[in-house]
$ cat final_18.pdb   # PDB, C-alpha atoms
MODEL        1
ATOM      1  CA  MET C 719      13.128  22.530  -8.425  1.00  0.00           C
ATOM      2  CA  SER C 720      13.321  19.394  -6.261  1.00  0.00           C
ATOM      3  CA  GLU C 721      14.616  16.022  -7.369  1.00  0.00           C
ATOM      4  CA  LEU C 722      12.198  13.789  -9.305  1.00  0.00           C
ATOM      5  CA  VAL C 723      11.484  10.103  -8.669  1.00  0.00           C
ATOM      6  CA  TYR C 724       9.795   7.962 -11.332  1.00  0.00           C
ATOM      7  CA  ASP C 725       8.102   4.602 -10.620  1.00  0.00           C
ATOM      8  CA  PRO C 726       6.909   2.800 -13.790  1.00  0.00           C
ATOM      9  CA  PHE C 727       4.990   0.220 -11.722  1.00  0.00           C
ATOM     10  CA  ALA C 728       3.484   2.515  -9.088  1.00  0.00           C
ATOM     11  CA  GLY C 729       1.208  -0.102  -7.492  1.00  0.00           C
ATOM     12  CA  SER C 730      -0.283   1.065  -4.212  1.00  0.00           C
ATOM     13  CA  GLY C 731       1.991   4.118  -4.058  1.00  0.00           C
ATOM     14  CA  THR C 732       4.636   3.139  -1.503  1.00  0.00           C
ATOM     15  CA  VAL C 733       7.476   4.715  -3.477  1.00  0.00           C
ATOM     16  CA  MET C 734       5.281   7.745  -4.167  1.00  0.00           C
ATOM     17  CA  LEU C 735       4.520   8.410  -0.510  1.00  0.00           C
ATOM     18  CA  GLU C 736       8.087   7.926   0.651  1.00  0.00           C
ATOM     19  CA  SER C 737       9.180  10.350  -2.078  1.00  0.00           C
ATOM     20  CA  LEU C 738       6.661  12.966  -0.957  1.00  0.00           C
ATOM     21  CA  TYR C 739       7.619  12.621   2.700  1.00  0.00           C
ATOM     22  CA  ARG C 740      11.178  13.456   1.704  1.00  0.00           C
ATOM     23  CA  GLY C 741      10.149  16.468  -0.340  1.00  0.00           C
ATOM     24  CA  LEU C 742      10.808  14.779  -3.697  1.00  0.00           C
ATOM     25  CA  GLU C 743       8.595  15.198  -6.750  1.00  0.00           C
ATOM     26  CA  PHE C 744       7.064  12.019  -8.141  1.00  0.00           C
ATOM     27  CA  HIS C 745       5.896  10.655 -11.484  1.00  0.00           C
ATOM     28  CA  GLY C 746       4.278   7.220 -11.600  1.00  0.00           C
ATOM     29  CA  SER C 747       2.492   4.977 -14.073  1.00  0.00           C
ATOM     30  CA  ASP C 748       0.438   1.796 -13.753  1.00  0.00           C
ATOM     31  CA  ILE C 749      -1.828  -0.175 -16.063  1.00  0.00           C
ATOM     32  CA  ASN C 750      -4.193  -1.086 -13.219  1.00  0.00           C
ATOM     33  CA  PRO C 751      -7.052   1.380 -12.521  1.00  0.00           C
ATOM     34  CA  LEU C 752      -7.202   0.402  -8.850  1.00  0.00           C
ATOM     35  CA  ALA C 753      -3.492   1.088  -8.428  1.00  0.00           C
ATOM     36  CA  ILE C 754      -3.913   4.550  -9.964  1.00  0.00           C
ATOM     37  CA  LEU C 755      -6.870   5.228  -7.650  1.00  0.00           C
ATOM     38  CA  LEU C 756      -4.826   4.229  -4.597  1.00  0.00           C
ATOM     39  CA  CYS C 757      -2.069   6.593  -5.682  1.00  0.00           C
ATOM     40  CA  GLN C 758      -4.520   9.415  -6.366  1.00  0.00           C
ATOM     41  CA  VAL C 759      -6.033   9.105  -2.898  1.00  0.00           C
ATOM     42  CA  LYS C 760      -2.640   8.911  -1.192  1.00  0.00           C
ATOM     43  CA  ALA C 761      -1.357  11.888  -3.173  1.00  0.00           C
ATOM     44  CA  ASN C 762      -4.481  13.977  -2.535  1.00  0.00           C
ATOM     45  CA  PRO C 763      -6.333  12.567   0.481  1.00  0.00           C
ATOM     46  CA  PRO C 764      -9.208  14.165   2.372  1.00  0.00           C
ATOM     47  CA  THR C 765      -8.664  15.663   5.800  1.00  0.00           C
ATOM     48  CA  VAL C 766      -9.170  13.427   8.811  1.00  0.00           C
ATOM     49  CA  GLU C 767     -12.450  15.183   9.611  1.00  0.00           C
ATOM     50  CA  ALA C 768     -13.703  14.871   6.031  1.00  0.00           C
ATOM     51  CA  GLY C 769     -12.766  11.185   5.907  1.00  0.00           C
ATOM     52  CA  GLU C 770     -14.600  10.455   9.161  1.00  0.00           C
ATOM     53  CA  SER C 771     -17.671  12.344   7.984  1.00  0.00           C
ATOM     54  CA  ALA C 772     -17.681  10.661   4.572  1.00  0.00           C
ATOM     55  CA  VAL C 773     -17.481   7.147   6.044  1.00  0.00           C
ATOM     56  CA  ALA C 774     -20.229   7.888   8.572  1.00  0.00           C
ATOM     57  CA  GLY C 775     -22.422   9.355   5.851  1.00  0.00           C
ATOM     58  CA  VAL C 776     -22.034   6.334   3.602  1.00  0.00           C
ATOM     59  CA  VAL C 777     -22.900   3.920   6.415  1.00  0.00           C
ATOM     60  CA  GLU C 778     -25.960   5.952   7.417  1.00  0.00           C
ATOM     61  CA  ARG C 779     -27.260   6.256   3.865  1.00  0.00           C
ATOM     62  CA  ALA C 780     -26.488   2.659   2.888  1.00  0.00           C
ATOM     63  CA  THR C 781     -28.656   1.118   5.587  1.00  0.00           C
ATOM     64  CA  SER C 782     -31.702   3.012   4.292  1.00  0.00           C
ATOM     65  CA  ILE C 783     -31.290   2.062   0.613  1.00  0.00           C
ATOM     66  CA  SER C 784     -33.765  -0.607  -0.455  1.00  0.00           C
ATOM     67  CA  ASN C 785     -33.573  -2.800  -3.564  1.00  0.00           C
ATOM     68  CA  PRO C 786     -30.157  -1.565  -4.760  1.00  0.00           C
ATOM     69  CA  ALA C 787     -28.779  -2.840  -8.059  1.00  0.00           C
ATOM     70  CA  ALA C 788     -26.533  -5.728  -7.002  1.00  0.00           C
ATOM     71  CA  PRO C 789     -23.223  -6.360  -8.802  1.00  0.00           C
ATOM     72  CA  GLU C 790     -23.678  -8.720 -11.735  1.00  0.00           C
ATOM     73  CA  PHE C 791     -20.862 -10.384 -13.660  1.00  0.00           C
ATOM     74  CA  ALA C 792     -19.903 -13.898 -14.688  1.00  0.00           C
ATOM     75  CA  GLY C 793     -19.325 -15.980 -11.567  1.00  0.00           C
ATOM     76  CA  VAL C 794     -20.528 -13.336  -9.101  1.00  0.00           C
ATOM     77  CA  ASP C 795     -22.361 -15.893  -6.959  1.00  0.00           C
ATOM     78  CA  LYS C 796     -19.160 -17.892  -6.610  1.00  0.00           C
ATOM     79  CA  TRP C 797     -17.465 -14.946  -4.935  1.00  0.00           C
ATOM     80  CA  PHE C 798     -20.249 -13.341  -2.877  1.00  0.00           C
ATOM     81  CA  LYS C 799     -23.050 -14.597  -0.670  1.00  0.00           C
ATOM     82  CA  PRO C 800     -26.488 -13.053  -1.489  1.00  0.00           C
ATOM     83  CA  GLU C 801     -26.565 -10.858   1.622  1.00  0.00           C
ATOM     84  CA  ILE C 802     -23.045  -9.625   0.863  1.00  0.00           C
ATOM     85  CA  LYS C 803     -24.086  -8.692  -2.680  1.00  0.00           C
ATOM     86  CA  THR C 804     -26.937  -6.622  -1.256  1.00  0.00           C
ATOM     87  CA  GLY C 805     -24.717  -4.859   1.274  1.00  0.00           C
ATOM     88  CA  LEU C 806     -22.096  -4.021  -1.354  1.00  0.00           C
ATOM     89  CA  ALA C 807     -24.803  -2.663  -3.653  1.00  0.00           C
ATOM     90  CA  GLN C 808     -26.086  -0.435  -0.841  1.00  0.00           C
ATOM     91  CA  LEU C 809     -22.575   0.859  -0.196  1.00  0.00           C
ATOM     92  CA  ARG C 810     -21.920   1.540  -3.880  1.00  0.00           C
ATOM     93  CA  ALA C 811     -25.189   3.475  -4.255  1.00  0.00           C
ATOM     94  CA  SER C 812     -24.407   5.462  -1.123  1.00  0.00           C
ATOM     95  CA  ILE C 813     -20.878   6.350  -2.283  1.00  0.00           C
ATOM     96  CA  LEU C 814     -22.263   7.609  -5.606  1.00  0.00           C
ATOM     97  CA  ASP C 815     -24.255  10.178  -3.606  1.00  0.00           C
ATOM     98  CA  GLU C 816     -21.050  11.675  -2.134  1.00  0.00           C
ATOM     99  CA  ALA C 817     -20.647  15.109  -3.717  1.00  0.00           C
ATOM    100  CA  GLN C 818     -16.936  15.778  -3.113  1.00  0.00           C
ATOM    101  CA  LEU C 819     -14.583  14.000  -5.536  1.00  0.00           C
ATOM    102  CA  VAL C 820     -11.699  13.719  -3.048  1.00  0.00           C
ATOM    103  CA  ASP C 821     -13.982  12.173  -0.433  1.00  0.00           C
ATOM    104  CA  ARG C 822     -15.627   9.900  -3.005  1.00  0.00           C
ATOM    105  CA  GLN C 823     -12.274   8.548  -4.196  1.00  0.00           C
ATOM    106  CA  PHE C 824     -11.319   7.826  -0.584  1.00  0.00           C
ATOM    107  CA  LEU C 825     -14.591   5.944  -0.141  1.00  0.00           C
ATOM    108  CA  TRP C 826     -13.959   3.843  -3.270  1.00  0.00           C
ATOM    109  CA  VAL C 827     -10.664   2.751  -1.735  1.00  0.00           C
ATOM    110  CA  CYS C 828     -12.503   1.772   1.453  1.00  0.00           C
ATOM    111  CA  LEU C 829     -15.044  -0.166  -0.595  1.00  0.00           C
ATOM    112  CA  ALA C 830     -12.348  -1.956  -2.610  1.00  0.00           C
ATOM    113  CA  GLU C 831     -10.783  -3.314   0.590  1.00  0.00           C
ATOM    114  CA  THR C 832     -14.229  -4.187   1.950  1.00  0.00           C
ATOM    115  CA  ILE C 833     -14.950  -6.209  -1.185  1.00  0.00           C
ATOM    116  CA  ARG C 834     -11.740  -8.156  -0.727  1.00  0.00           C
ATOM    117  CA  LEU C 835     -12.525  -8.897   2.916  1.00  0.00           C
ATOM    118  CA  VAL C 836     -16.153  -9.983   2.469  1.00  0.00           C
ATOM    119  CA  SER C 837     -15.719 -12.006  -0.714  1.00  0.00           C
ATOM    120  CA  ASN C 838     -15.410 -15.783  -0.743  1.00  0.00           C
ATOM    121  CA  SER C 839     -11.772 -15.437  -1.789  1.00  0.00           C
ATOM    122  CA  ARG C 840      -9.246 -16.336   0.893  1.00  0.00           C
ATOM    123  CA  ILE C 841      -7.625 -13.199   2.353  1.00  0.00           C
ATOM    124  CA  SER C 842      -4.443 -15.093   3.222  1.00  0.00           C
ATOM    125  CA  THR C 843      -3.381 -14.495  -0.381  1.00  0.00           C
ATOM    126  CA  PHE C 844      -3.938 -11.711  -2.932  1.00  0.00           C
ATOM    127  CA  LYS C 845      -4.654 -14.359  -5.545  1.00  0.00           C
ATOM    128  CA  LEU C 846      -8.194 -15.648  -6.113  1.00  0.00           C
ATOM    129  CA  HIS C 847      -8.809 -18.913  -4.250  1.00  0.00           C
ATOM    130  CA  THR C 848     -12.186 -19.665  -2.673  1.00  0.00           C
ATOM    131  CA  TYR C 849     -12.782 -20.804   0.871  1.00  0.00           C
ATOM    132  CA  THR C 850     -14.449 -24.160   1.419  1.00  0.00           C
ATOM    133  CA  ALA C 851     -18.253 -24.214   1.580  1.00  0.00           C
ATOM    134  CA  GLU C 852     -18.084 -24.688   5.351  1.00  0.00           C
ATOM    135  CA  GLU C 853     -15.741 -21.723   5.763  1.00  0.00           C
ATOM    136  CA  ILE C 854     -17.925 -19.536   3.542  1.00  0.00           C
ATOM    137  CA  ALA C 855     -20.975 -20.324   5.680  1.00  0.00           C
ATOM    138  CA  ARG C 856     -19.118 -19.155   8.804  1.00  0.00           C
ATOM    139  CA  ARG C 857     -17.786 -15.911   7.287  1.00  0.00           C
ATOM    140  CA  GLU C 858     -19.018 -12.379   7.948  1.00  0.00           C
ATOM    141  CA  SER C 859     -22.312 -11.572   6.233  1.00  0.00           C
ATOM    142  CA  ASP C 860     -22.557  -7.818   6.893  1.00  0.00           C
ATOM    143  CA  ALA C 861     -20.676  -5.810   4.263  1.00  0.00           C
ATOM    144  CA  ILE C 862     -21.709  -2.469   5.769  1.00  0.00           C
ATOM    145  CA  LYS C 863     -20.238  -3.443   9.148  1.00  0.00           C
ATOM    146  CA  VAL C 864     -16.936  -4.380   7.501  1.00  0.00           C
ATOM    147  CA  PHE C 865     -16.930  -1.137   5.495  1.00  0.00           C
ATOM    148  CA  LYS C 866     -17.308   0.848   8.718  1.00  0.00           C
ATOM    149  CA  LEU C 867     -14.287  -0.948  10.217  1.00  0.00           C
ATOM    150  CA  VAL C 868     -12.202  -0.475   7.060  1.00  0.00           C
ATOM    151  CA  GLY C 869     -13.195   3.181   6.971  1.00  0.00           C
ATOM    152  CA  ALA C 870     -12.033   3.671  10.567  1.00  0.00           C
ATOM    153  CA  GLN C 871      -8.690   2.034   9.763  1.00  0.00           C
ATOM    154  CA  ASN C 872      -8.188   4.248   6.719  1.00  0.00           C
ATOM    155  CA  VAL C 873      -9.099   7.368   8.698  1.00  0.00           C
ATOM    156  CA  ALA C 874      -6.338   6.392  11.138  1.00  0.00           C
ATOM    157  CA  HIS C 875      -3.975   6.197   8.152  1.00  0.00           C
ATOM    158  CA  LEU C 876      -5.110   9.702   7.155  1.00  0.00           C
ATOM    159  CA  LYS C 877      -4.119  10.999  10.572  1.00  0.00           C
ATOM    160  CA  GLN C 878      -0.646   9.474  10.275  1.00  0.00           C
ATOM    161  CA  HIS C 879      -0.270  10.862   6.759  1.00  0.00           C
ATOM    162  CA  TRP C 880      -1.184  14.435   7.679  1.00  0.00           C
ATOM    163  CA  GLU C 881       1.139  14.359  10.672  1.00  0.00           C
ATOM    164  CA  ARG C 882       4.028  13.510   8.352  1.00  0.00           C
ATOM    165  CA  MET C 883       2.928  16.072   5.783  1.00  0.00           C
ATOM    166  CA  GLU C 884       2.834  18.760   8.467  1.00  0.00           C
ATOM    167  CA  LEU C 885       6.544  18.200   9.038  1.00  0.00           C
ATOM    168  CA  LEU C 886       7.098  18.619   5.306  1.00  0.00           C
ATOM    169  CA  HIS C 887       5.083  21.856   5.230  1.00  0.00           C
ATOM    170  CA  GLU C 888       7.242  23.216   8.029  1.00  0.00           C
ATOM    171  CA  SER C 889      10.242  22.760   5.748  1.00  0.00           C
ATOM    172  CA  ARG C 890       8.387  24.783   3.058  1.00  0.00           C
ATOM    173  CA  ARG C 891       8.735  21.990   0.509  1.00  0.00           C
ATOM    174  CA  ASN C 892       5.714  21.217  -1.652  1.00  0.00           C
ATOM    175  CA  PRO C 893       6.513  18.332  -4.040  1.00  0.00           C
ATOM    176  CA  GLY C 894       4.180  17.546  -6.918  1.00  0.00           C
ATOM    177  CA  VAL C 895       2.757  14.253  -8.235  1.00  0.00           C
ATOM    178  CA  LEU C 896       1.981  13.201 -11.806  1.00  0.00           C
ATOM    179  CA  LEU C 897       0.150   9.887 -12.333  1.00  0.00           C
ATOM    180  CA  LEU C 898      -0.056   8.245 -15.747  1.00  0.00           C
ATOM    181  CA  PRO C 899      -2.678   5.508 -16.252  1.00  0.00           C
ATOM    182  CA  GLY C 900      -1.627   2.891 -18.775  1.00  0.00           C
ATOM    183  CA  SER C 901       1.103   0.449 -19.666  1.00  0.00           C
ATOM    184  CA  VAL C 902       4.715   1.419 -19.154  1.00  0.00           C
ATOM    185  CA  SER C 903       5.288   0.337 -22.755  1.00  0.00           C
ATOM    186  CA  GLU C 904       3.038   3.121 -24.083  1.00  0.00           C
ATOM    187  CA  ARG C 905       4.813   6.193 -25.423  1.00  0.00           C
ATOM    188  CA  TRP C 906       4.387   9.433 -23.531  1.00  0.00           C
ATOM    189  CA  VAL C 907       6.374  12.617 -23.258  1.00  0.00           C
ATOM    190  CA  ALA C 908       7.606  13.342 -19.746  1.00  0.00           C
ATOM    191  CA  PRO C 909       7.560  16.972 -18.578  1.00  0.00           C
ATOM    192  CA  ARG C 910      11.131  16.486 -17.389  1.00  0.00           C
ATOM    193  CA  GLN C 911      13.745  13.777 -16.956  1.00  0.00           C
ATOM    194  CA  ALA C 912      13.664  11.866 -13.682  1.00  0.00           C
ATOM    195  CA  ASP C 913      16.645  11.888 -11.349  1.00  0.00           C
ATOM    196  CA  ILE C 914      16.030   8.358 -10.128  1.00  0.00           C
ATOM    197  CA  LEU C 915      13.919   5.355 -11.159  1.00  0.00           C
ATOM    198  CA  MET C 916      12.687   3.247  -8.264  1.00  0.00           C
ATOM    199  CA  THR C 917      10.165   0.411  -8.495  1.00  0.00           C
ATOM    200  CA  SER C 918       9.141  -3.104  -7.564  1.00  0.00           C
ATOM    201  CA  PRO C 919       8.474  -4.908 -10.872  1.00  0.00           C
ATOM    202  CA  PRO C 920       5.196  -6.880 -10.986  1.00  0.00           C
ATOM    203  CA  TYR C 921       6.625 -10.379 -10.763  1.00  0.00           C
ATOM    204  CA  GLY C 922       3.504 -11.502  -8.902  1.00  0.00           C
ATOM    205  CA  ASP C 923       5.176 -14.292  -6.932  1.00  0.00           C
ATOM    206  CA  ASN C 924       2.852 -13.564  -3.981  1.00  0.00           C
ATOM    207  CA  GLN C 925       5.788 -13.425  -1.583  1.00  0.00           C
ATOM    208  CA  THR C 926       7.635 -10.224  -2.481  1.00  0.00           C
ATOM    209  CA  THR C 927       5.058  -8.531  -4.710  1.00  0.00           C
ATOM    210  CA  VAL C 928       1.276  -8.200  -4.959  1.00  0.00           C
ATOM    211  CA  PRO C 929      -0.442  -9.635  -8.069  1.00  0.00           C
ATOM    212  CA  TYR C 930      -2.620  -6.550  -8.536  1.00  0.00           C
ATOM    213  CA  GLY C 931      -4.506  -7.981 -11.487  1.00  0.00           C
ATOM    214  CA  GLN C 932      -6.116 -10.628  -9.316  1.00  0.00           C
ATOM    215  CA  HIS C 933      -6.217  -8.394  -6.236  1.00  0.00           C
ATOM    216  CA  SER C 934      -8.289  -5.793  -8.093  1.00  0.00           C
ATOM    217  CA  TYR C 935     -10.470  -8.183 -10.126  1.00  0.00           C
ATOM    218  CA  LEU C 936     -13.434  -8.348  -7.746  1.00  0.00           C
ATOM    219  CA  PRO C 937     -13.394  -4.658  -6.670  1.00  0.00           C
ATOM    220  CA  LEU C 938     -13.333  -3.467 -10.282  1.00  0.00           C
ATOM    221  CA  LEU C 939     -16.164  -5.763 -11.382  1.00  0.00           C
ATOM    222  CA  SER C 940     -18.271  -5.164  -8.281  1.00  0.00           C
ATOM    223  CA  THR C 941     -18.229  -1.375  -8.615  1.00  0.00           C
ATOM    224  CA  ALA C 942     -19.364  -1.497 -12.241  1.00  0.00           C
ATOM    225  CA  GLY C 943     -16.434   0.540 -13.488  1.00  0.00           C
ATOM    226  CA  GLU C 944     -16.810   3.420 -11.011  1.00  0.00           C
ATOM    227  CA  ILE C 945     -13.239   2.908  -9.757  1.00  0.00           C
TER
ENDMDL
END
$ encode --input "final_18.pdb" --output "C-alpha cells"
Amino acid sequence: MSELVYDPFAGSGTVMLESLYRGLEFHGSDINPLAILLCQVKANPPTVEAGESAVAGVVERATSISNPAAPEFAGVDKWFKPEIKTGLAQLRASILDEAQLVDRQFLWVCLAETIRLVSNSRISTFKLHTYTAEEIARRESDAIKVFKLVGAQNVAHLKQHWERMELLHESRRNPGVLLLPGSVSERWVAPRQADILMTSPPYGDNQTTVPYGQHSYLPLLSTAGEI
C-alpha cells in the first residue's frame, strides 16, 4: 500500500497530479463542481487520440446545429454577446451527443475554459469584471473557433500527462484517486488515514490563489448544470 495524500481544497488538481506522478495515492474534496470535474478529468483522462477525435467531432457537429437553446440566466446578456451565446449553445448541444463519458467530461472542461475566454469578463483576472463596451465590441465573436483552440491546447496537455504516466507504469506503481464533492466541513468516513495533508486554502486573494467561485460562475450557469 502506497502513501496517501489528502487535499481538502483540491481545486484544479495540482496536488493530485503531483501525487500521482510520484506514485502516491490521493484523496481530495472540494465544494465546487467545476473543481471536482477538473480533478476527475485529470485523474481519468482520455487518450490523446480520443481527445483529438472528440474535439474534432464536437466542432464538426456544432457548426451544423441550427436554433440551439441558448444559455439563459439572470444577466446573461451582460456577459455574452448574442453570437457568442449561439456558438456556446451549439457547442453544448454537440457535447451532449458525445457517447463516451470520459471523452464528454474532457469536452466539458474544454467548454468551461472557452466560456471564460469568450465572455465579456476580463481574462486578466479570475474574478468577474467586465470589459468596456469598446473592448467588448473588438473581442472574438466565434466561440467554436476558440473551443477548437482550447481543445488543441488540452490535447497537448494530455500528451504530456500520458508521457509522465508511462514512466510511472514502468515502475509498476498504480496509485488510486478518491474525490469527494462537498464542503470540507461535512462529515465523511475516510477509507484510511492519510499520511500527509497538503493544500492551498481558498483565500481568494487573486494573487496566490484562484477564487474558484467566481471563476466557475459563468461556465456552470452556461452549461445548464451539465458540469
$ atom_distance --input "final_18.pdb" --atom1 "atom CA of Ile802 of chain C" --atom2 "atom CA of Lys845 of chain C"
20.0 Å
$ closest_residue --input "final_18.pdb" --among "C:Met916, C:Ala830, C:Met883, C:Ala728" --to "Cys757 of chain C" --atoms "only C-alpha atoms"
C:Ala728
$ closest_residue --input "final_18.pdb" --among "C:Gly746, C:Ser859, C:Ala912, C:His933" --to "Ile841 of chain C" --atoms "all atoms listed in the file"
C:His933
$ residues_around --input "final_18.pdb" --residues "Val723 of chain C" --least-positions-apart "6" --cutoff "10 Å" --atoms "only C-alpha atoms" --output "ChimeraX atom specification"
/C:733-734,737-738,742-746,895,911-917
$ resolve_selection --input "final_18.pdb" --expression "the PyMOL selection byres ((chain C and resi 863) around 12)" --output "JSON, numbers by chain"
{"C": [773, 774, 776, 777, 778, 780, 781, 802, 805, 806, 808, 809, 829, 832, 833, 835, 836, 858, 859, 860, 861, 862, 864, 865, 866, 867, 868, 869, 870]}
$ residues_around --input "final_18.pdb" --residues "Lys877 of chain C" --least-positions-apart "3" --cutoff "6 Å" --atoms "all atoms listed in the file" --output "list in words"
Val766, Ala874 and Trp880 of chain C
$ atom_distance --input "final_18.pdb" --atom1 "atom CA of Leu886 of chain C" --atom2 "atom CA of Pro899 of chain C"
27.1 Å
$ resolve_selection --input "final_18.pdb" --expression "the PyMOL selection byres ((chain C and resi 850-853) around 12)" --output "PyMOL selection string"
chain C and resi 796-799+837-840+847-849+854-858
$ write_last_selection --input "final_18.pdb" --atoms "C-alpha atoms" --output "PDB file, in the coordinates of the input"
ATOM      1  CA  LYS C 796     -19.160 -17.892  -6.610  1.00  0.00           C
ATOM      2  CA  TRP C 797     -17.465 -14.946  -4.935  1.00  0.00           C
ATOM      3  CA  PHE C 798     -20.249 -13.341  -2.877  1.00  0.00           C
ATOM      4  CA  LYS C 799     -23.050 -14.597  -0.670  1.00  0.00           C
ATOM      5  CA  SER C 837     -15.719 -12.006  -0.714  1.00  0.00           C
ATOM      6  CA  ASN C 838     -15.410 -15.783  -0.743  1.00  0.00           C
ATOM      7  CA  SER C 839     -11.772 -15.437  -1.789  1.00  0.00           C
ATOM      8  CA  ARG C 840      -9.246 -16.336   0.893  1.00  0.00           C
ATOM      9  CA  HIS C 847      -8.809 -18.913  -4.250  1.00  0.00           C
ATOM     10  CA  THR C 848     -12.186 -19.665  -2.673  1.00  0.00           C
ATOM     11  CA  TYR C 849     -12.782 -20.804   0.871  1.00  0.00           C
ATOM     12  CA  ILE C 854     -17.925 -19.536   3.542  1.00  0.00           C
ATOM     13  CA  ALA C 855     -20.975 -20.324   5.680  1.00  0.00           C
ATOM     14  CA  ARG C 856     -19.118 -19.155   8.804  1.00  0.00           C
ATOM     15  CA  ARG C 857     -17.786 -15.911   7.287  1.00  0.00           C
ATOM     16  CA  GLU C 858     -19.018 -12.379   7.948  1.00  0.00           C
TER      17      GLU C 858
END
$ atom_distance --input "final_18.pdb" --atom1 "atom CA of Phe727 of chain C" --atom2 "atom CA of Asn750 of chain C"
9.4 Å
$ closest_residue --input "final_18.pdb" --among "C:Leu885, C:Val794, C:Leu898, C:Val820" --to "Gly729 of chain C" --atoms "all atoms listed in the file"
C:Leu898
$ closest_residue --input "final_18.pdb" --among "C:Val873, C:Ala817, C:Ala753, C:Leu938" --to "Glu767 of chain C" --atoms "only C-alpha atoms"
C:Val873
$ closest_residue --input "final_18.pdb" --among "C:Pro751, C:Pro937, C:Gly769, C:Pro764" --to "Gln871 of chain C" --atoms "all atoms listed in the file"
C:Gly769
$ residues_near_point --input "final_18.pdb" --point "(-1.9, 5.1, -17.4)" --cutoff "7 Å" --atoms "only C-alpha atoms" --output "CSV table (one decimal) with C-alpha atoms, keeping the file's coordinate frame"
chain,number,residue,atom,x,y,z
C,747,SER,CA,2.5,5.0,-14.1
C,748,ASP,CA,0.4,1.8,-13.8
C,749,ILE,CA,-1.8,-0.2,-16.1
C,898,LEU,CA,-0.1,8.2,-15.7
C,899,PRO,CA,-2.7,5.5,-16.3
C,900,GLY,CA,-1.6,2.9,-18.8
C,901,SER,CA,1.1,0.4,-19.7
$ closest_residue --input "final_18.pdb" --among "C:Gly775, C:Pro789, C:Pro909, C:Pro763" --to "Leu735 of chain C" --atoms "all atoms listed in the file"
C:Pro763
$ residues_around --input "final_18.pdb" --residues "Ala807 of chain C" --least-positions-apart "4" --cutoff "6 Å" --atoms "only C-alpha atoms" --output "PyMOL selection string"
chain C and resi 786-788
$ resolve_selection --input "final_18.pdb" --expression "the PyMOL selection byres ((chain C and resi 760) around 9)" --output "MDAnalysis selection string"
chainID C and resid 730:731 734:735 755:759 761:763 824 876 879
$ axis_aligned_box --input "final_18.pdb" --around "segment 724-729 of chain C" --padding-each-side "6 Å" --output "JSON"
{"center_x": 5.5, "center_y": 3.9, "center_z": -10.6, "size_x": 20.6, "size_y": 20.1, "size_z": 18.3}
$ residues_around --input "final_18.pdb" --residues "Phe791 of chain C" --least-positions-apart "3" --cutoff "9 Å" --atoms "all atoms listed in the file" --output "list in words"
Val794, Asp795, Leu939 and Ser940 of chain C
